[in-house]
$ cat run-v2.txt   # compact mmCIF, C-alpha atoms and all ligand atoms
# COMPACT_ATOMS: atom_id res chain seq x y z
CA MET A 24 93.35 184.74 149.11
CA ALA A 25 93.12 187.05 146.09
CA GLU A 26 94.69 190.43 146.85
CA GLU A 27 91.62 192.43 145.86
CA GLU A 28 89.39 190.53 148.33
CA GLU A 29 89.42 191.55 151.97
CA CYS A 30 89.45 188.44 154.19
CA THR A 31 86.39 188.24 156.46
CA HIS A 32 87.67 185.03 158.11
CA GLU A 33 84.28 183.51 157.27
CA CYS A 34 85.82 180.52 155.48
CA GLY A 35 82.46 178.73 155.35
CA SER A 36 81.00 181.30 152.96
CA CYS A 37 84.14 182.29 151.06
CA GLY A 38 84.62 181.00 147.53
CA VAL A 39 88.30 181.89 147.09
CA ALA A 40 90.16 178.69 146.21
CA GLY A 41 93.84 178.29 147.03
CA CYS A 42 93.70 180.62 150.06
CA GLY A 43 96.60 179.97 152.40
CA ASP A 44 94.59 181.28 155.37
CA ARG A 45 91.74 178.83 154.91
CA GLU A 46 91.07 176.78 158.03
CA ASP A 47 91.07 172.96 157.98
CA ALA A 48 87.75 171.11 157.62
CA GLY A 49 87.39 169.36 160.98
CA PRO A 50 86.49 169.17 163.75
CA SER A 51 82.81 169.90 163.32
CA THR A 52 81.71 173.40 164.22
CA PHE A 53 78.02 172.46 164.10
CA PRO A 54 76.85 170.73 167.31
CA THR A 55 74.91 167.44 167.10
CA ASN A 56 71.72 166.27 168.77
CA ALA A 57 72.13 164.40 172.09
CA ARG A 58 70.76 161.24 170.42
CA THR A 59 73.31 161.31 167.61
CA ASN A 60 76.49 159.29 167.37
CA ILE A 61 77.87 159.55 163.85
CA LYS A 62 81.22 157.81 163.47
CA HIS A 63 82.16 158.66 159.88
CA VAL A 64 81.03 161.18 157.30
CA ILE A 65 81.63 160.67 153.58
CA GLY A 66 80.76 163.40 151.05
CA VAL A 67 79.71 162.40 147.54
CA VAL A 68 80.47 165.17 145.06
CA SER A 69 80.44 165.87 141.35
CA GLY A 70 81.65 168.88 139.46
CA LYS A 71 78.57 168.86 137.26
CA GLY A 72 74.88 167.91 137.58
CA GLY A 73 73.28 164.82 136.12
CA VAL A 74 76.32 162.53 136.17
CA GLY A 75 74.69 160.12 138.64
CA LYS A 76 75.97 161.42 141.99
CA SER A 77 72.70 160.70 143.82
CA LEU A 78 72.55 157.23 142.27
CA VAL A 79 76.13 156.52 143.40
CA THR A 80 75.35 157.88 146.91
CA SER A 81 72.37 155.53 147.09
CA LEU A 82 74.37 152.52 145.84
CA LEU A 83 77.28 153.18 148.22
CA ALA A 84 74.87 153.54 151.15
CA SER A 85 73.01 150.35 150.16
CA GLN A 86 76.24 148.38 149.84
CA MET A 87 77.48 149.55 153.24
CA GLN A 88 74.12 148.69 154.80
CA LYS A 89 74.32 145.20 153.22
CA LYS A 90 77.77 144.82 154.81
CA GLY A 91 76.14 145.25 158.22
CA PHE A 92 76.99 148.89 158.98
CA SER A 93 74.37 151.34 160.16
CA VAL A 94 74.09 153.95 157.47
CA GLY A 95 72.48 157.35 156.95
CA ILE A 96 72.14 159.75 154.02
CA LEU A 97 72.01 163.51 154.52
CA ASP A 98 70.61 164.93 151.28
CA ALA A 99 72.55 168.19 151.02
CA ASP A 100 71.37 168.71 147.43
CA VAL A 101 68.78 171.03 148.95
CA THR A 102 67.57 172.65 145.73
CA GLY A 103 67.54 169.41 143.69
CA PRO A 104 66.89 166.62 146.19
CA SER A 105 66.44 163.18 144.66
CA ILE A 106 67.39 160.70 147.41
CA PRO A 107 63.83 160.09 148.78
CA LYS A 108 62.52 159.26 145.30
CA THR A 109 65.44 156.89 144.66
CA PHE A 110 64.43 154.88 147.75
CA GLY A 111 60.67 155.32 147.33
CA ILE A 112 60.27 157.31 150.57
CA THR A 113 57.15 159.45 150.56
CA ASN A 114 56.24 159.90 154.24
CA PRO A 115 57.13 163.36 155.57
CA LEU A 116 59.73 163.72 158.32
CA THR A 117 58.36 163.72 161.84
CA ALA A 118 59.73 165.12 165.10
CA ASP A 119 59.59 164.10 168.73
CA ALA A 120 60.77 165.77 171.94
CA ASP A 121 64.40 164.99 171.04
CA GLY A 122 64.41 166.34 167.51
CA ILE A 123 63.71 165.44 163.89
CA VAL A 124 63.25 161.71 163.26
CA PRO A 125 64.91 160.54 160.03
CA ALA A 126 62.91 158.58 157.46
CA GLN A 127 64.00 154.99 156.78
CA THR A 128 64.42 153.04 153.56
CA ALA A 129 63.24 149.45 153.12
CA SER A 130 66.60 148.14 154.37
CA GLY A 131 66.80 150.63 157.26
CA ILE A 132 69.05 153.39 155.86
CA LYS A 133 68.18 156.64 157.65
CA VAL A 134 67.42 159.55 155.29
CA VAL A 135 66.92 163.26 155.78
CA SER A 136 66.01 165.48 152.84
CA VAL A 137 64.23 168.76 152.18
CA ASN A 138 61.80 166.89 149.93
CA LEU A 139 60.52 165.10 153.03
CA MET A 140 59.61 168.47 154.57
CA LEU A 141 57.62 169.87 151.65
CA PRO A 142 53.83 169.42 151.40
CA LYS A 143 54.32 168.25 147.77
CA ASP A 144 57.55 166.93 146.24
CA ASP A 145 57.26 169.11 143.11
CA ILE A 146 57.38 172.39 145.06
CA PRO A 147 60.54 174.23 143.95
CA VAL A 148 63.15 175.24 146.50
CA ALA A 149 64.79 178.53 145.50
CA TRP A 150 66.71 179.57 148.57
CA ARG A 151 69.81 181.70 148.91
CA GLY A 152 73.09 180.25 150.17
CA PRO A 153 72.76 181.23 153.86
CA VAL A 154 69.29 179.64 154.08
CA VAL A 155 70.58 176.45 152.46
CA SER A 156 73.53 176.43 154.87
CA GLY A 157 71.03 176.79 157.74
CA ILE A 158 69.18 173.70 156.51
CA ILE A 159 72.43 171.68 156.44
CA LYS A 160 73.10 172.85 160.00
CA GLN A 161 69.60 171.75 161.02
CA PHE A 162 69.98 168.35 159.32
CA TRP A 163 73.24 167.81 161.16
CA GLY A 164 72.31 169.21 164.56
CA GLU A 165 68.56 168.81 165.05
CA VAL A 166 68.10 165.31 163.67
CA SER A 167 68.16 162.36 166.09
CA TRP A 168 70.40 160.23 163.90
CA GLY A 169 71.10 157.60 166.59
CA ASP A 170 74.15 155.38 165.99
CA ILE A 171 75.48 155.76 162.47
CA ASP A 172 78.68 154.10 161.23
CA TYR A 173 78.67 155.92 157.89
CA LEU A 174 76.74 159.06 157.04
CA PHE A 175 76.85 159.76 153.29
CA VAL A 176 76.27 163.38 152.33
CA ASP A 177 74.80 163.78 148.83
CA MET A 178 76.23 167.15 147.80
CA PRO A 179 74.78 169.53 145.23
CA PRO A 180 76.80 169.56 142.00
CA GLY A 181 79.70 171.98 141.76
CA THR A 182 81.68 173.89 144.33
CA SER A 183 79.05 176.24 145.72
CA ASP A 184 78.36 177.65 149.19
CA VAL A 185 77.02 174.30 150.36
CA PHE A 186 80.30 172.61 149.47
CA LEU A 187 82.16 175.02 151.74
CA THR A 188 79.54 174.82 154.50
CA VAL A 189 79.61 171.03 154.58
CA PHE A 190 83.36 170.59 154.34
CA GLN A 191 84.15 173.28 156.88
CA SER A 192 81.38 172.66 159.38
CA LEU A 193 80.88 168.89 159.39
CA PRO A 194 83.64 166.41 160.29
CA VAL A 195 83.95 164.95 156.78
CA ASP A 196 86.41 162.04 156.71
CA GLY A 197 86.65 161.71 152.95
CA ILE A 198 85.12 162.42 149.57
CA VAL A 199 83.94 160.17 146.77
CA THR A 200 83.75 161.99 143.48
CA VAL A 201 81.51 161.00 140.58
CA SER A 202 82.14 161.77 136.91
CA ALA A 203 80.94 160.75 133.47
CA PRO A 204 83.31 160.16 130.54
CA GLN A 205 83.14 163.55 128.79
CA GLU A 206 86.37 165.61 128.82
CA LEU A 207 84.53 168.64 130.16
CA VAL A 208 83.24 166.65 133.12
CA ALA A 209 86.73 165.33 133.89
CA MET A 210 88.06 168.89 133.87
CA ILE A 211 85.25 169.96 136.23
CA VAL A 212 86.01 167.02 138.54
CA GLY A 213 89.49 168.51 138.85
CA LYS A 214 88.00 171.71 140.29
CA ALA A 215 86.14 169.79 143.00
CA VAL A 216 89.23 167.70 143.78
CA ASN A 217 91.46 170.76 144.02
CA LEU A 218 89.02 172.51 146.34
CA ALA A 219 88.86 169.36 148.51
CA HIS A 220 92.68 169.46 148.70
CA ASP A 221 92.47 173.13 149.72
CA LEU A 222 90.04 172.16 152.45
CA LYS A 223 92.35 169.29 153.48
CA VAL A 224 89.67 166.61 153.02
CA PRO A 225 91.02 163.45 151.32
CA VAL A 226 89.42 162.26 148.07
CA VAL A 227 89.15 158.51 148.61
CA GLY A 228 87.61 157.37 145.34
CA LEU A 229 86.39 158.24 141.87
CA VAL A 230 83.37 156.55 140.32
CA GLU A 231 83.07 156.91 136.57
CA ASN A 232 79.37 156.49 135.89
CA MET A 233 77.82 155.74 132.48
CA ALA A 234 81.26 154.57 131.36
CA TYR A 235 79.94 152.06 128.83
CA PHE A 236 76.84 150.28 127.58
CA LYS A 237 76.87 146.51 127.22
CA CYS A 238 74.90 145.47 124.16
CA ASP A 239 72.58 142.50 124.79
CA GLU A 240 72.82 141.42 121.17
CA CYS A 241 76.51 141.64 120.27
CA GLY A 242 77.83 141.42 123.86
CA LYS A 243 80.29 144.28 123.24
CA ASP A 244 80.86 147.34 125.42
CA HIS A 245 80.00 150.60 123.62
CA HIS A 246 81.35 153.92 124.85
CA ILE A 247 78.31 156.08 124.22
CA PHE A 248 79.69 159.23 125.92
CA GLY A 249 83.24 158.81 124.61
CA GLU A 250 86.23 156.81 125.77
CA PRO A 251 86.28 156.33 129.56
CA GLN A 252 88.96 158.46 131.16
CA GLY A 253 88.24 158.00 134.86
CA GLU A 254 91.30 155.86 135.52
CA ALA A 255 93.58 158.52 134.01
CA VAL A 256 91.77 161.25 135.97
CA ALA A 257 92.12 159.23 139.21
CA LYS A 258 95.88 158.88 138.56
CA ARG A 259 96.26 162.55 137.62
CA TYR A 260 94.68 163.67 140.90
CA ASP A 261 96.19 160.94 143.08
CA ILE A 262 92.82 159.41 143.96
CA PRO A 263 93.48 156.01 145.57
CA SER A 264 90.49 154.05 144.21
CA PHE A 265 88.52 153.94 141.01
CA ALA A 266 85.32 152.17 139.91
CA THR A 267 83.11 152.23 136.83
CA LEU A 268 79.37 151.78 136.38
CA PRO A 269 77.70 151.06 133.04
CA ILE A 270 74.77 152.84 131.46
CA ASP A 271 72.06 150.48 132.61
CA PRO A 272 68.37 151.10 131.87
CA SER A 273 67.49 149.12 134.99
CA PHE A 274 69.02 151.95 137.09
CA ALA A 275 66.51 154.40 135.66
CA ARG A 276 63.67 151.89 136.17
CA LEU A 277 64.62 151.06 139.78
CA VAL A 278 65.11 154.74 140.60
CA ASP A 279 61.69 155.54 139.13
CA GLU A 280 60.15 152.73 141.19
CA GLY A 281 62.04 153.81 144.35
CA LYS A 282 63.79 150.43 144.58
CA VAL A 283 67.46 151.33 144.15
CA GLU A 284 68.37 149.03 147.07
CA GLU A 285 67.41 146.04 144.92
CA TYR A 286 70.18 146.74 142.38
CA ASP A 287 73.02 144.24 142.48
CA VAL A 288 76.22 146.18 141.74
CA ALA A 289 78.08 142.84 141.56
CA GLY A 290 81.15 144.18 143.32
CA ALA A 291 81.60 147.10 140.90
CA LEU A 292 81.95 149.60 143.75
CA ASP A 293 84.16 147.40 145.95
CA PRO A 294 87.45 149.27 145.32
CA VAL A 295 85.84 152.54 146.45
CA ILE A 296 84.05 150.94 149.41
CA GLU A 297 87.31 149.36 150.52
CA GLN A 298 89.00 152.76 150.43
CA VAL A 299 86.14 154.37 152.38
CA GLU A 300 86.70 151.76 155.11
CA ILE A 301 90.48 152.33 155.05
CA CYS A 302 89.89 156.08 155.43
CA ALA A 303 87.50 155.44 158.36
CA LYS A 304 89.98 153.14 160.10
CA ALA A 305 92.73 155.74 159.66
CA LYS A 306 90.47 158.33 161.33
CA ASP A 307 89.67 155.91 164.16
CA ALA A 308 93.39 155.41 164.75
CA GLU A 309 94.08 159.17 165.03
N1 LIG A 401 74.55 154.49 134.95
C1 LIG A 401 73.32 154.90 134.69
N2 LIG A 401 72.53 154.23 133.81
C2 LIG A 401 71.28 154.66 133.55
N3 LIG A 401 70.70 155.73 134.11
C3 LIG A 401 71.43 156.44 135.00
C4 LIG A 401 72.76 156.05 135.33
N4 LIG A 401 73.24 156.93 136.26
C5 LIG A 401 72.26 157.81 136.49
N5 LIG A 401 71.17 157.52 135.73
C6 LIG A 401 69.91 158.27 135.70
O1 LIG A 401 70.25 159.63 135.38
C7 LIG A 401 69.45 160.53 136.15
C8 LIG A 401 70.35 161.48 136.94
O2 LIG A 401 71.03 160.73 137.95
P1 LIG A 401 71.31 161.37 139.38
O3 LIG A 401 70.08 162.07 139.91
O4 LIG A 401 71.92 160.34 140.22
O5 LIG A 401 72.37 162.47 138.96
P2 LIG A 401 73.03 163.62 139.84
O6 LIG A 401 74.43 163.72 139.40
O7 LIG A 401 72.78 163.38 141.28
O8 LIG A 401 72.23 164.87 139.37
P3 LIG A 401 72.14 166.30 140.13
O9 LIG A 401 73.46 166.52 140.77
O10 LIG A 401 71.84 167.24 139.02
O11 LIG A 401 71.04 166.14 141.16
C9 LIG A 401 68.54 159.66 137.03
O12 LIG A 401 67.30 159.53 136.40
C10 LIG A 401 69.25 158.32 137.07
O13 LIG A 401 68.35 157.23 137.23

$ encode --input "run-v2.txt" --output "structure tokens"
Amino acid sequence: MAEEEECTHECGSCGVAGCGDREDAGPSTFPTNARTNIKHVIGVVSGKGGVGKSLVTSLLASQMQKKGFSVGILDADVTGPSIPKTFGITNPLTADADGIVPAQTASGIKVVSVNLMLPKDDIPVAWRGPVVSGIIKQFWGEVSWGDIDYLFVDMPPGTSDVFLTVFQSLPVDGIVTVSAPQELVAMIVGKAVNLAHDLKVPVVGLVENMAYFKCDECGKDHHIFGEPQGEAVAKRYDIPSFATLPIDPSFARLVDEGKVEEYDVAGALDPVIEQVEICAKAKDAE
């Protein structure tokens, strides 16, 4: 806690990193709906926008669903939601006597997003932090999620209010962080990782997206955004798993068509998925 700031003990809305008085993340302080049984919560974060965090959230969720788990995505990127588009979901959310009913993707992943509550998906959402935090609370507590093995939370970029709300009010088991190869991005990843450490939430994996482009003609890998540095960043911050994804025009096409589930990641995310499962088992054993 910085000396000049008077502590309000409202850790969920305080941005002071490194505070020794900050309370641990779990257990959840937001109640859940009676028809909700969420076993594990994994946050997907990035220090900076546009590095492919929503794409990685969608791919991780799809892979887990293919492995036979029941999976949900809570789109906490309230002011820039892109999960529904990625999966081609256009029907608005509905509600019954028990609460809000999540939308479902083609393979059955349950999704809740602000974009599914707006009359048109291009209506801007310009809400202040407390309102956004209220939406996260509603998505957690008023949605009938049913049985979920893994709920992935697609976080807004950076370390804003929402970051603190989610990590201090939901029982987050672990974090997957997403970066792109630029030095600046790696430095910004460090901020998110350090804040996660402050909040005592383990960072289980780093995905370096857009790490290279494989040329169809010469067959070589080209490092369009500079030399990949994810592995070094993962080591520097003690992150136990690391994966890379290429720049692949078919991502952009499948996302535009709402068919991200059809992408075959060919095992590229396996190290991170394995670590997510290890983290979940460790929580189960506690
Ligand atoms: N590896 C990739 N190859 C090609 N296109 C990609 C790749 N990763 C992401 N994209 C495209 O880049 C755009 C941004 O990706 P995405 O929305 O996942 O980023 P983000 O980090 O979630 O952004 P923000 O946090 O600002 O919402 C999307 O159009 C997506 O299809």

$ closest_residue --input "run-v2.txt" --among "A:Ile106, A:Val155, A:Ile211, A:Val227" --to "ligand LIG 401 (chain A)" --atoms "only C-alpha atoms and all ligand atoms"
A:Ile106

$ residues_near_ligand --input "run-v2.txt" --ligand "ligand LIG 401 (chain A)" --cutoff "7 Å" --atoms "all atoms listed in the file" --output "number ranges by chain"
A: 69, 71-79, 100, 103-105, 179-180, 232-233, 268-275, 278

$ closest_residue --input "run-v2.txt" --among "A:Gly66, A:Pro153, A:Gly111, A:Gly242" --to "A:Val299" --atoms "all atoms listed in the file"
A:Gly66

$ atom_distance --input "run-v2.txt" --atom1 "atom CA of A:Ile96" --atom2 "atom CA of A:Ser136"
8.5 Å

$ atom_distance --input "run-v2.txt" --atom1 "atom CA of A:Ile171" --atom2 "atom CA of A:Ala118"
18.5 Å

$ atom_distance --input "run-v2.txt" --atom1 "atom CA of A:Gly249" --atom2 "atom CA of A:Lys108"
29.3 Å

$ residues_around --input "run-v2.txt" --residues "A:Asp196" --least-positions-apart "6" --cutoff "8 Å" --atoms "only C-alpha atoms" --output "PyMOL selection string"
chain A and resi 63-65+224-225+302-303+306

$ residues_around --input "run-v2.txt" --residues "A:Gly181" --least-positions-apart "4" --cutoff "12 Å" --atoms "all atoms listed in the file" --output "ChimeraX atom specification"
/A:38,67-74,76,100,177,185-187,200-202,208,210-216,218-219

$ closest_residue --input "run-v2.txt" --among "A:Ala99, A:Met140, A:Leu83, A:Ala291" --to "A:Thr188" --atoms "all atoms listed in the file"
A:Ala99

$ residues_near_point --input "run-v2.txt" --point "(73.0, 155.3, 160.1)" --cutoff "12 Å" --atoms "only C-alpha atoms" --output "mmCIF file with C-alpha atoms, in the coordinates of the input"
data_model
loop_
_atom_site.group_PDB
_atom_site.id
_atom_site.type_symbol
_atom_site.label_atom_id
_atom_site.label_comp_id
_atom_site.auth_asym_id
_atom_site.auth_seq_id
_atom_site.Cartn_x
_atom_site.Cartn_y
_atom_site.Cartn_z
ATOM 1 C CA THR A 59 73.310 161.310 167.610
ATOM 2 C CA ASN A 60 76.490 159.290 167.370
ATOM 3 C CA ILE A 61 77.870 159.550 163.850
ATOM 4 C CA LYS A 62 81.220 157.810 163.470
ATOM 5 C CA HIS A 63 82.160 158.660 159.880
ATOM 6 C CA VAL A 64 81.030 161.180 157.300
ATOM 7 C CA ALA A 84 74.870 153.540 151.150
ATOM 8 C CA SER A 85 73.010 150.350 150.160
ATOM 9 C CA MET A 87 77.480 149.550 153.240
ATOM 10 C CA GLN A 88 74.120 148.690 154.800
ATOM 11 C CA GLY A 91 76.140 145.250 158.220
ATOM 12 C CA PHE A 92 76.990 148.890 158.980
ATOM 13 C CA SER A 93 74.370 151.340 160.160
ATOM 14 C CA VAL A 94 74.090 153.950 157.470
ATOM 15 C CA GLY A 95 72.480 157.350 156.950
ATOM 16 C CA ILE A 96 72.140 159.750 154.020
ATOM 17 C CA LEU A 97 72.010 163.510 154.520
ATOM 18 C CA PRO A 125 64.910 160.540 160.030
ATOM 19 C CA ALA A 126 62.910 158.580 157.460
ATOM 20 C CA GLN A 127 64.000 154.990 156.780
ATOM 21 C CA THR A 128 64.420 153.040 153.560
ATOM 22 C CA SER A 130 66.600 148.140 154.370
ATOM 23 C CA GLY A 131 66.800 150.630 157.260
ATOM 24 C CA ILE A 132 69.050 153.390 155.860
ATOM 25 C CA LYS A 133 68.180 156.640 157.650
ATOM 26 C CA VAL A 134 67.420 159.550 155.290
ATOM 27 C CA VAL A 135 66.920 163.260 155.780
ATOM 28 C CA VAL A 166 68.100 165.310 163.670
ATOM 29 C CA SER A 167 68.160 162.360 166.090
ATOM 30 C CA TRP A 168 70.400 160.230 163.900
ATOM 31 C CA GLY A 169 71.100 157.600 166.590
ATOM 32 C CA ASP A 170 74.150 155.380 165.990
ATOM 33 C CA ILE A 171 75.480 155.760 162.470
ATOM 34 C CA ASP A 172 78.680 154.100 161.230
ATOM 35 C CA TYR A 173 78.670 155.920 157.890
ATOM 36 C CA LEU A 174 76.740 159.060 157.040
ATOM 37 C CA PHE A 175 76.850 159.760 153.290
ATOM 38 C CA VAL A 176 76.270 163.380 152.330
#

$ residues_around --input "run-v2.txt" --residues "A:Val226" --least-positions-apart "4" --cutoff "7 Å" --atoms "only C-alpha atoms" --output "list in words"
Gly197, Ile198, Val199, Val216 and Ile262 of chain A

$ residues_near_point --input "run-v2.txt" --point "(67.4, 165.8, 166.2)" --cutoff "8 Å" --atoms "only C-alpha atoms" --output "ChimeraX atom specification"
/A:55-59,118,121-124,162-168

$ decode --input "run-v2.txt" --residues "stretch 207-236 of chain A" --atoms "N, CA and C atoms" --output "JSON list (two decimals), in the first residue's frame"
[["chain", "number", "residue", "atom", "x", "y", "z"],
["A", 207, "LEU", "N", 7.72, -4.80, -26.00],
["A", 207, "LEU", "CA", 6.80, -4.02, -25.18],
["A", 207, "LEU", "C", 5.72, -4.93, -24.59],
["A", 208, "VAL", "N", 5.20, -5.83, -25.42],
["A", 208, "VAL", "CA", 4.14, -6.72, -24.96],
["A", 208, "VAL", "C", 4.67, -7.63, -23.85],
["A", 209, "ALA", "N", 5.90, -8.14, -24.03],
["A", 209, "ALA", "CA", 6.47, -9.01, -23.01],
["A", 209, "ALA", "C", 6.58, -8.27, -21.68],
["A", 210, "MET", "N", 7.01, -7.01, -21.76],
["A", 210, "MET", "CA", 7.14, -6.20, -20.54],
["A", 210, "MET", "C", 5.76, -6.03, -19.88],
["A", 211, "ILE", "N", 4.73, -5.81, -20.73],
["A", 211, "ILE", "CA", 3.39, -5.60, -20.18],
["A", 211, "ILE", "C", 2.85, -6.90, -19.58],
["A", 212, "VAL", "N", 3.20, -8.04, -20.19],
["A", 212, "VAL", "CA", 2.80, -9.33, -19.61],
["A", 212, "VAL", "C", 3.32, -9.42, -18.18],
["A", 213, "GLY", "N", 4.54, -8.94, -17.98],
["A", 213, "GLY", "CA", 5.14, -8.96, -16.64],
["A", 213, "GLY", "C", 4.27, -8.26, -15.61],
["A", 214, "LYS", "N", 3.64, -7.16, -16.02],
["A", 214, "LYS", "CA", 2.76, -6.43, -15.07],
["A", 214, "LYS", "C", 1.59, -7.32, -14.64],
["A", 215, "ALA", "N", 0.96, -7.96, -15.64],
["A", 215, "ALA", "CA", -0.19, -8.83, -15.33],
["A", 215, "ALA", "C", 0.25, -9.99, -14.45],
["A", 216, "VAL", "N", 1.42, -10.56, -14.75],
["A", 216, "VAL", "CA", 1.90, -11.71, -13.97],
["A", 216, "VAL", "C", 2.20, -11.27, -12.53],
["A", 217, "ASN", "N", 2.84, -10.11, -12.39],
["A", 217, "ASN", "CA", 3.16, -9.65, -11.04],
["A", 217, "ASN", "C", 1.90, -9.35, -10.23],
["A", 218, "LEU", "N", 0.89, -8.80, -10.89],
["A", 218, "LEU", "CA", -0.36, -8.53, -10.17],
["A", 218, "LEU", "C", -1.03, -9.85, -9.76],
["A", 219, "ALA", "N", -0.97, -10.84, -10.67],
["A", 219, "ALA", "CA", -1.53, -12.16, -10.33],
["A", 219, "ALA", "C", -0.81, -12.73, -9.11],
["A", 220, "HIS", "N", 0.51, -12.58, -9.06],
["A", 220, "HIS", "CA", 1.27, -13.05, -7.89],
["A", 220, "HIS", "C", 0.80, -12.32, -6.64],
["A", 221, "ASP", "N", 0.61, -11.01, -6.76],
["A", 221, "ASP", "CA", 0.10, -10.22, -5.62],
["A", 221, "ASP", "C", -1.22, -10.77, -5.12],
["A", 222, "LEU", "N", -2.07, -11.17, -6.09],
["A", 222, "LEU", "CA", -3.40, -11.66, -5.75],
["A", 222, "LEU", "C", -3.40, -13.14, -5.40],
["A", 223, "LYS", "N", -2.19, -13.73, -5.44],
["A", 223, "LYS", "CA", -1.99, -15.14, -5.07],
["A", 223, "LYS", "C", -2.79, -16.11, -5.96],
["A", 224, "VAL", "N", -2.87, -15.76, -7.25],
["A", 224, "VAL", "CA", -3.49, -16.66, -8.22],
["A", 224, "VAL", "C", -2.36, -17.19, -9.10],
["A", 225, "PRO", "N", -2.18, -18.53, -9.24],
["A", 225, "PRO", "CA", -1.06, -19.03, -10.02],
["A", 225, "PRO", "C", -1.22, -18.79, -11.52],
["A", 226, "VAL", "N", -0.12, -18.44, -12.17],
["A", 226, "VAL", "CA", -0.12, -18.32, -13.64],
["A", 226, "VAL", "C", 0.32, -19.69, -14.16],
["A", 227, "VAL", "N", -0.58, -20.39, -14.85],
["A", 227, "VAL", "CA", -0.29, -21.77, -15.23],
["A", 227, "VAL", "C", 0.32, -21.89, -16.62],
["A", 228, "GLY", "N", 0.15, -20.89, -17.46],
["A", 228, "GLY", "CA", 0.71, -21.03, -18.80],
["A", 228, "GLY", "C", 0.81, -19.71, -19.53],
["A", 229, "LEU", "N", 1.73, -19.68, -20.49],
["A", 229, "LEU", "CA", 1.88, -18.51, -21.38],
["A", 229, "LEU", "C", 1.71, -18.99, -22.81],
["A", 230, "VAL", "N", 0.83, -18.34, -23.55],
["A", 230, "VAL", "CA", 0.70, -18.64, -24.98],
["A", 230, "VAL", "C", 1.26, -17.46, -25.75],
["A", 231, "GLU", "N", 2.27, -17.72, -26.56],
["A", 231, "GLU", "CA", 2.80, -16.66, -27.43],
["A", 231, "GLU", "C", 2.11, -16.79, -28.78],
["A", 232, "ASN", "N", 1.21, -15.83, -29.03],
["A", 232, "ASN", "CA", 0.43, -15.87, -30.27],
["A", 232, "ASN", "C", 1.17, -15.09, -31.36],
["A", 233, "MET", "N", 0.87, -15.42, -32.59],
["A", 233, "MET", "CA", 1.47, -14.73, -33.76],
["A", 233, "MET", "C", 2.99, -14.82, -33.70],
["A", 234, "ALA", "N", 3.49, -15.95, -33.21],
["A", 234, "ALA", "CA", 4.94, -16.09, -32.99],
["A", 234, "ALA", "C", 5.71, -16.19, -34.30],
["A", 235, "TYR", "N", 5.09, -16.75, -35.32],
["A", 235, "TYR", "CA", 5.78, -16.90, -36.61],
["A", 235, "TYR", "C", 4.74, -17.07, -37.72],
["A", 236, "PHE", "N", 5.22, -16.96, -38.96],
["A", 236, "PHE", "CA", 4.36, -17.21, -40.11],
["A", 236, "PHE", "C", 5.05, -18.23, -40.99]]
